[in-house]
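A quick write-up on the structure given underneath.
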Amino acid sequence: MSETPWLTVIGLGEDGPDGLCRASKEAMAEADCIIGAKRHLSLLPESGARLMEWPVPFSDGLDLVMARRGQPTVVLASGDPFWFGAGTSLATRLERAEWRAFPGRSSFSLAAARSGWALDKTLCLGLHAAPLSRLRPHLAPGQRIIVTLRDGPAVADLGHYLHDCGFGPSPCIVLEALGGPRERITECAAQELQGREFAHPVCVAFEVAGDGDVLPLASGRRDDWFDNDGQITKQPVRALTLAALAPRPFEHLWDIGGGCGSIGIEWLLSHPTLAATAIEPRSDRADRMRANAAKLGVDRLRVVKGKAPDVLADLALPDVVFIGGGLSPALLAHLETLPEGTRIVANAVTLESDALLTQTQARLGGTLMRIEIADTAPIGRKRGWRAAYPITQWSHAL
């Protein structure tokens with residue numbers, strides 16, 4: 001292989017080749033083939049290189065590039081290829097010596113410059129290939145957000161979504177074709193975006209405003225954030241359970257007996273690098289978990305329909321396990337085979353499961369905690385304390 005990498009990833013803006021650095025122009029002049037979106041290719045002057053349009057779906061484009069391995073090739077991407085762009089997807093498939101990249105000005109940088117916002121204090125999200133619900137955990141008055149969107153009609157979808165969440169008054173700056181001759185900027189409230197026409201490429205900068213419900217940052221969100229049939233780890237117990245699970249970046253959770261998914265979802269809300277797999281034998285509850293996760297913007301929750309421990313062998317190994325339902329000697333025996341250091345937290349309500357956890361703790365160690373909670377309830381014209389079923393919680397690291 002020559003010293004010069006065969007693949008060059010170039011960030012191209014709406015100003016076309018005029019905005020490229022000298023190295024990018026030289027790479028394009030030396031390439032046998034240039035691959036990019038139709039919009040990018042239309043910005044190029046005539047050259048001897050073969051032009052290939054990036055296909056749909058996106059993954060087919062990756063295969064197209066890999067088929068040219070070893071031949072001088074340029075891939076055009078929007079702005080900075082490593083900020084919600086194709087650069088990362090390509091780099092993960094190649095050796096470091098095979099590629100180089102010349103990033104351009106990102107849409108986020110240009111949008112911040114037009115808006116006068118500090119980019120380091122602004123949340124930037126790529127929603128051109130992701131659901132708008134990813135915004136939900138971040139919607140709080142005063143939060144500044146810049147999002148890229150898939151096309152012009154998606155701007156109206158964003159306005160509709162913010163309005164439905166109670167943040168319709170949020171002031172928006174719609175930025176089309178940033179950095180090029182077609183650049184256009186429109187300012188209005190989110191609830192006024194519908195009925196207007198916008199053109200791709202487009203991004204929107206908005207500052208959240210309105211009286212919509214704000215998702216708290218701390219674990220133990222209100223129970224009504226989660227649609228459920230009564231099978232839910234209630235708010236105060238959930239807060240104590242998440243504290244015992246102690247999420248750390250990049251960890252994977254097994255949520256066994258997921259119910260409505262509240263534990264797995266709150267786990268994922270703790271950090272964007274976390275992963276979770278929920279195991280649930282009932283189809284209706286598995287569907288409900290998926291819906292709750294989508295509503296709260298954590299589409300990383302994997303839901304597996306089945307009974308533990310039967311379905312566990314085929315799953316990626318966890319760093320942490322929570323048992324909220326289905327506790328049995330067979331399940332505990334399977335979990336004992338997990339790698340050393342795996343953390344287990346189990347909640348028990350019945351006398352039988354309480355006894356099982358007590359015996360297991362005596363054999364394996366760990367800590368037992370009794371959780372007893374009461375809230376107020378009317379007693380005639382007065383009030384008294386109404387106790388919930390006590391919870392026994394076992395925490396242990398293998």
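By order in the structure tokens, chains are A, B, ...; within a chain, residues start at 1; ligands start at 1, following the order shown.
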
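The neighbours of range 290-302 of chain A here are the residues that come within 8 Å of it, using only C-alpha atoms and leaving out any residue fewer than 5 positions away in the same chain; they are Pro131, Leu132, Ser133, Arg134, Leu135, Arg136, Pro137, Phe226, Asp227, Cys260, Gly261, Gly264, Ile265, Leu268, Leu269, Ala275, Ala276, Thr277 and Ala278 of chain A.
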
Could you pull the residues within 10 Å of Ile35 in chain A, counting only C-alpha atoms, minus those fewer than 4 positions along the same chain, as a compact mmCIF listing (two decimals) with N, CA, C and O atoms, in the first residue's frame?
# COMPACT_ATOMS: atom_id res chain seq x y z
N VAL A 9 -11.70 11.51 2.98
CA VAL A 9 -13.03 12.00 3.33
C VAL A 9 -12.96 13.51 3.44
O VAL A 9 -12.19 14.05 4.24
N HIS A 40 -24.06 17.16 -3.31
CA HIS A 40 -22.64 17.45 -3.28
C HIS A 40 -22.01 17.35 -4.67
O HIS A 40 -21.22 18.21 -5.08
N LEU A 41 -22.36 16.30 -5.39
CA LEU A 41 -21.78 16.10 -6.72
C LEU A 41 -22.17 17.23 -7.67
O LEU A 41 -21.39 17.60 -8.56
N ALA A 49 -12.51 12.53 -12.88
CA ALA A 49 -12.90 11.51 -11.92
C ALA A 49 -14.29 10.98 -12.23
O ALA A 49 -15.16 11.70 -12.71
N ARG A 50 -14.48 9.71 -11.90
CA ARG A 50 -15.81 9.11 -12.02
C ARG A 50 -16.66 9.56 -10.82
O ARG A 50 -16.20 9.48 -9.68
N LEU A 51 -17.87 10.03 -11.08
CA LEU A 51 -18.76 10.48 -10.01
C LEU A 51 -19.78 9.39 -9.70
O LEU A 51 -20.44 8.87 -10.61
N MET A 52 -19.91 9.04 -8.43
CA MET A 52 -20.86 8.01 -8.01
C MET A 52 -21.73 8.56 -6.89
O MET A 52 -21.24 9.09 -5.89
N GLU A 53 -23.04 8.45 -7.07
CA GLU A 53 -23.98 8.97 -6.07
C GLU A 53 -24.11 7.98 -4.91
O GLU A 53 -24.25 6.77 -5.12
N TRP A 54 -24.05 8.52 -3.69
CA TRP A 54 -24.20 7.67 -2.50
C TRP A 54 -25.63 7.12 -2.48
O TRP A 54 -26.59 7.88 -2.51
N PRO A 55 -25.78 5.80 -2.41
CA PRO A 55 -27.12 5.21 -2.51
C PRO A 55 -27.90 5.24 -1.19
O PRO A 55 -27.37 5.59 -0.14
N GLY A 61 -24.03 2.63 0.80
CA GLY A 61 -22.92 3.51 0.44
C GLY A 61 -21.61 3.07 1.06
O GLY A 61 -20.55 3.15 0.43
N LEU A 64 -20.35 0.35 -1.00
CA LEU A 64 -19.84 0.89 -2.26
C LEU A 64 -18.41 1.39 -2.10
O LEU A 64 -17.55 1.15 -2.95
N VAL A 65 -18.16 2.09 -1.01
CA VAL A 65 -16.81 2.60 -0.75
C VAL A 65 -15.83 1.44 -0.52
O VAL A 65 -14.72 1.42 -1.07
N THR A 73 -9.81 7.20 -3.91
CA THR A 73 -11.24 7.51 -3.81
C THR A 73 -11.45 8.68 -2.86
O THR A 73 -10.79 8.78 -1.82
N VAL A 74 -12.40 9.53 -3.21
CA VAL A 74 -12.81 10.63 -2.34
C VAL A 74 -14.28 10.44 -1.98
O VAL A 74 -15.11 10.13 -2.84
N VAL A 75 -14.59 10.60 -0.70
CA VAL A 75 -15.98 10.62 -0.24
C VAL A 75 -16.29 12.02 0.24
O VAL A 75 -15.55 12.59 1.06
N LEU A 76 -17.36 12.58 -0.29
CA LEU A 76 -17.80 13.92 0.12
C LEU A 76 -18.86 13.79 1.20
O LEU A 76 -19.81 13.01 1.07
N ALA A 77 -18.70 14.55 2.25
CA ALA A 77 -19.68 14.58 3.35
C ALA A 77 -19.98 16.03 3.68
O ALA A 77 -19.24 16.94 3.30

Kindly assemble as a tab-separated table a list of the range 177-252 of chain A residues that lie within 10 Å of range 119-124 of chain A, each paired with its nearest atom pair and their distance in Å to one decimal, using only C-alpha atoms, sorted first by chain and then by ascending residue number.
residue	atom	partner	partner_atom	distance
A:Ala205	CA	A:Cys124	CA	9.1
A:Phe206	CA	A:Thr122	CA	9.9
A:Glu207	CA	A:Thr122	CA	9.5

Write out, as a PDB file, in the first residue's frame, the residues just selected, with N, CA and C atoms.
ATOM      1  N   ALA A 205     -32.026  26.150  15.038  1.00  0.00           N
ATOM      2  CA  ALA A 205     -31.529  26.534  16.361  1.00  0.00           C
ATOM      3  C   ALA A 205     -32.720  27.072  17.149  1.00  0.00           C
ATOM      4  N   PHE A 206     -32.944  26.556  18.343  1.00  0.00           N
ATOM      5  CA  PHE A 206     -34.074  27.048  19.136  1.00  0.00           C
ATOM      6  C   PHE A 206     -33.726  27.052  20.620  1.00  0.00           C
ATOM      7  N   GLU A 207     -34.330  27.993  21.309  1.00  0.00           N
ATOM      8  CA  GLU A 207     -34.190  28.090  22.761  1.00  0.00           C
ATOM      9  C   GLU A 207     -35.517  27.691  23.383  1.00  0.00           C
TER      10      GLU A 207
END

Practice problem: Name the residues in contact with range 210-220 of chain A at a cut-off of 9 Å, using only C-alpha atoms, excluding same-chain residues fewer than 4 positions from it; report them as a VMD selection string. | Solution: chain A and resid 136 to 141 162 to 170 225 234 to 243 266 to 267 269 to 270 296

Output N, CA and C atoms for every residue in the selection just made, as a PDB file, in the first residue's frame.
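Contents of the output file again_33.pdb:
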ATOM      1  N   ARG A 136     -36.643  14.800  23.928  1.00  0.00           N
ATOM      2  CA  ARG A 136     -37.493  14.891  25.116  1.00  0.00           C
ATOM      3  C   ARG A 136     -36.726  15.074  26.417  1.00  0.00           C
ATOM      4  N   PRO A 137     -35.637  14.332  26.685  1.00  0.00           N
ATOM      5  CA  PRO A 137     -34.948  14.534  27.968  1.00  0.00           C
ATOM      6  C   PRO A 137     -34.319  15.918  28.127  1.00  0.00           C
ATOM      7  N   HIS A 138     -34.164  16.644  27.011  1.00  0.00           N
ATOM      8  CA  HIS A 138     -33.438  17.917  27.047  1.00  0.00           C
ATOM      9  C   HIS A 138     -34.362  19.136  27.031  1.00  0.00           C
ATOM     10  N   LEU A 139     -35.669  18.915  26.941  1.00  0.00           N
ATOM     11  CA  LEU A 139     -36.592  20.039  26.803  1.00  0.00           C
ATOM     12  C   LEU A 139     -36.855  20.679  28.159  1.00  0.00           C
ATOM     13  N   ALA A 140     -36.172  21.788  28.394  1.00  0.00           N
ATOM     14  CA  ALA A 140     -36.322  22.566  29.618  1.00  0.00           C
ATOM     15  C   ALA A 140     -36.125  24.032  29.258  1.00  0.00           C
ATOM     16  N   PRO A 141     -36.951  24.926  29.778  1.00  0.00           N
ATOM     17  CA  PRO A 141     -36.827  26.339  29.434  1.00  0.00           C
ATOM     18  C   PRO A 141     -35.410  26.863  29.638  1.00  0.00           C
ATOM     19  N   LEU A 162     -42.597  20.073  19.304  1.00  0.00           N
ATOM     20  CA  LEU A 162     -42.373  20.997  20.418  1.00  0.00           C
ATOM     21  C   LEU A 162     -43.696  21.536  20.956  1.00  0.00           C
ATOM     22  N   HIS A 163     -44.635  21.823  20.060  1.00  0.00           N
ATOM     23  CA  HIS A 163     -45.949  22.306  20.488  1.00  0.00           C
ATOM     24  C   HIS A 163     -46.663  21.249  21.330  1.00  0.00           C
ATOM     25  N   ASP A 164     -46.635  19.989  20.894  1.00  0.00           N
ATOM     26  CA  ASP A 164     -47.296  18.917  21.624  1.00  0.00           C
ATOM     27  C   ASP A 164     -46.679  18.690  22.995  1.00  0.00           C
ATOM     28  N   CYS A 165     -45.383  18.970  23.130  1.00  0.00           N
ATOM     29  CA  CYS A 165     -44.708  18.803  24.418  1.00  0.00           C
ATOM     30  C   CYS A 165     -44.900  20.007  25.337  1.00  0.00           C
ATOM     31  N   GLY A 166     -45.608  21.030  24.852  1.00  0.00           N
ATOM     32  CA  GLY A 166     -45.852  22.215  25.671  1.00  0.00           C
ATOM     33  C   GLY A 166     -44.833  23.310  25.501  1.00  0.00           C
ATOM     34  N   PHE A 167     -44.011  23.215  24.445  1.00  0.00           N
ATOM     35  CA  PHE A 167     -42.969  24.207  24.219  1.00  0.00           C
ATOM     36  C   PHE A 167     -43.135  24.911  22.874  1.00  0.00           C
ATOM     37  N   GLY A 168     -44.380  25.098  22.463  1.00  0.00           N
ATOM     38  CA  GLY A 168     -44.673  25.781  21.211  1.00  0.00           C
ATOM     39  C   GLY A 168     -44.131  27.196  21.112  1.00  0.00           C
ATOM     40  N   PRO A 169     -44.058  27.971  22.221  1.00  0.00           N
ATOM     41  CA  PRO A 169     -43.527  29.342  22.121  1.00  0.00           C
ATOM     42  C   PRO A 169     -42.021  29.436  21.893  1.00  0.00           C
ATOM     43  N   SER A 170     -41.322  28.319  21.860  1.00  0.00           N
ATOM     44  CA  SER A 170     -39.864  28.359  21.719  1.00  0.00           C
ATOM     45  C   SER A 170     -39.456  29.130  20.466  1.00  0.00           C
ATOM     46  N   TRP A 225     -44.773   9.290  34.179  1.00  0.00           N
ATOM     47  CA  TRP A 225     -43.954   9.385  32.970  1.00  0.00           C
ATOM     48  C   TRP A 225     -43.974   8.060  32.202  1.00  0.00           C
ATOM     49  N   LYS A 234     -42.097   1.457  41.767  1.00  0.00           N
ATOM     50  CA  LYS A 234     -42.602   2.783  42.101  1.00  0.00           C
ATOM     51  C   LYS A 234     -41.475   3.785  42.353  1.00  0.00           C
ATOM     52  N   GLN A 235     -41.837   5.052  42.229  1.00  0.00           N
ATOM     53  CA  GLN A 235     -40.859   6.143  42.185  1.00  0.00           C
ATOM     54  C   GLN A 235     -39.798   6.083  43.284  1.00  0.00           C
ATOM     55  N   PRO A 236     -40.156   6.029  44.587  1.00  0.00           N
ATOM     56  CA  PRO A 236     -39.094   6.057  45.599  1.00  0.00           C
ATOM     57  C   PRO A 236     -38.229   4.806  45.588  1.00  0.00           C
ATOM     58  N   VAL A 237     -38.840   3.649  45.340  1.00  0.00           N
ATOM     59  CA  VAL A 237     -38.067   2.412  45.264  1.00  0.00           C
ATOM     60  C   VAL A 237     -37.172   2.432  44.033  1.00  0.00           C
ATOM     61  N   ARG A 238     -37.670   3.007  42.932  1.00  0.00           N
ATOM     62  CA  ARG A 238     -36.876   3.113  41.710  1.00  0.00           C
ATOM     63  C   ARG A 238     -35.636   3.965  41.940  1.00  0.00           C
ATOM     64  N   ALA A 239     -35.806   5.062  42.680  1.00  0.00           N
ATOM     65  CA  ALA A 239     -34.661   5.927  42.968  1.00  0.00           C
ATOM     66  C   ALA A 239     -33.598   5.169  43.771  1.00  0.00           C
ATOM     67  N   LEU A 240     -34.044   4.404  44.775  1.00  0.00           N
ATOM     68  CA  LEU A 240     -33.102   3.619  45.571  1.00  0.00           C
ATOM     69  C   LEU A 240     -32.471   2.508  44.741  1.00  0.00           C
ATOM     70  N   THR A 241     -33.249   1.938  43.829  1.00  0.00           N
ATOM     71  CA  THR A 241     -32.735   0.858  42.986  1.00  0.00           C
ATOM     72  C   THR A 241     -31.681   1.374  42.013  1.00  0.00           C
ATOM     73  N   LEU A 242     -31.927   2.527  41.390  1.00  0.00           N
ATOM     74  CA  LEU A 242     -30.922   3.107  40.480  1.00  0.00           C
ATOM     75  C   LEU A 242     -29.651   3.471  41.237  1.00  0.00           C
ATOM     76  N   ALA A 243     -29.801   3.912  42.480  1.00  0.00           N
ATOM     77  CA  ALA A 243     -28.617   4.206  43.282  1.00  0.00           C
ATOM     78  C   ALA A 243     -27.820   2.936  43.543  1.00  0.00           C
ATOM     79  N   GLU A 266     -34.696   4.571  32.918  1.00  0.00           N
ATOM     80  CA  GLU A 266     -33.979   5.508  33.788  1.00  0.00           C
ATOM     81  C   GLU A 266     -32.472   5.224  33.775  1.00  0.00           C
ATOM     82  N   TRP A 267     -32.105   3.968  33.658  1.00  0.00           N
ATOM     83  CA  TRP A 267     -30.687   3.627  33.500  1.00  0.00           C
ATOM     84  C   TRP A 267     -30.117   4.333  32.279  1.00  0.00           C
ATOM     85  N   LEU A 269     -31.252   6.947  30.709  1.00  0.00           N
ATOM     86  CA  LEU A 269     -31.290   8.395  30.854  1.00  0.00           C
ATOM     87  C   LEU A 269     -30.088   8.924  31.636  1.00  0.00           C
ATOM     88  N   SER A 270     -29.409   8.032  32.362  1.00  0.00           N
ATOM     89  CA  SER A 270     -28.291   8.474  33.196  1.00  0.00           C
ATOM     90  C   SER A 270     -27.100   8.949  32.374  1.00  0.00           C
ATOM     91  N   LEU A 296     -39.746   8.757  25.686  1.00  0.00           N
ATOM     92  CA  LEU A 296     -38.780   9.485  26.504  1.00  0.00           C
ATOM     93  C   LEU A 296     -37.423   9.619  25.830  1.00  0.00           C
TER      94      LEU A 296
END

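Shortest atom-to-atom contact with Ser89 in chain A among A:Leu62, A:Ala189, A:Ala209, A:Ala101: A:Leu62, counting only C-alpha atoms.
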
Self-check item: DSSP strand (DSSP E or B) residues within range 86-320 of chain A, as a PyMOL selection string
Solution: chain A and resi 99-102+123-127+144-149+171-176+184-189+202-207+252-256+275-280+301-305+320

Exercise. Could you please determine the separation between CA of Ala37 in chain A and CA of Ser78 in chain A in Å, to one decimal place?
Key: 9.1 Å

Exercise. Assign secondary structure with DSSP using the backbone only, and return the residues of range 129-161 of chain A in helix (DSSP H, G or I) as a ChimeraX atom specification.
Key: /A:132-138,153-161
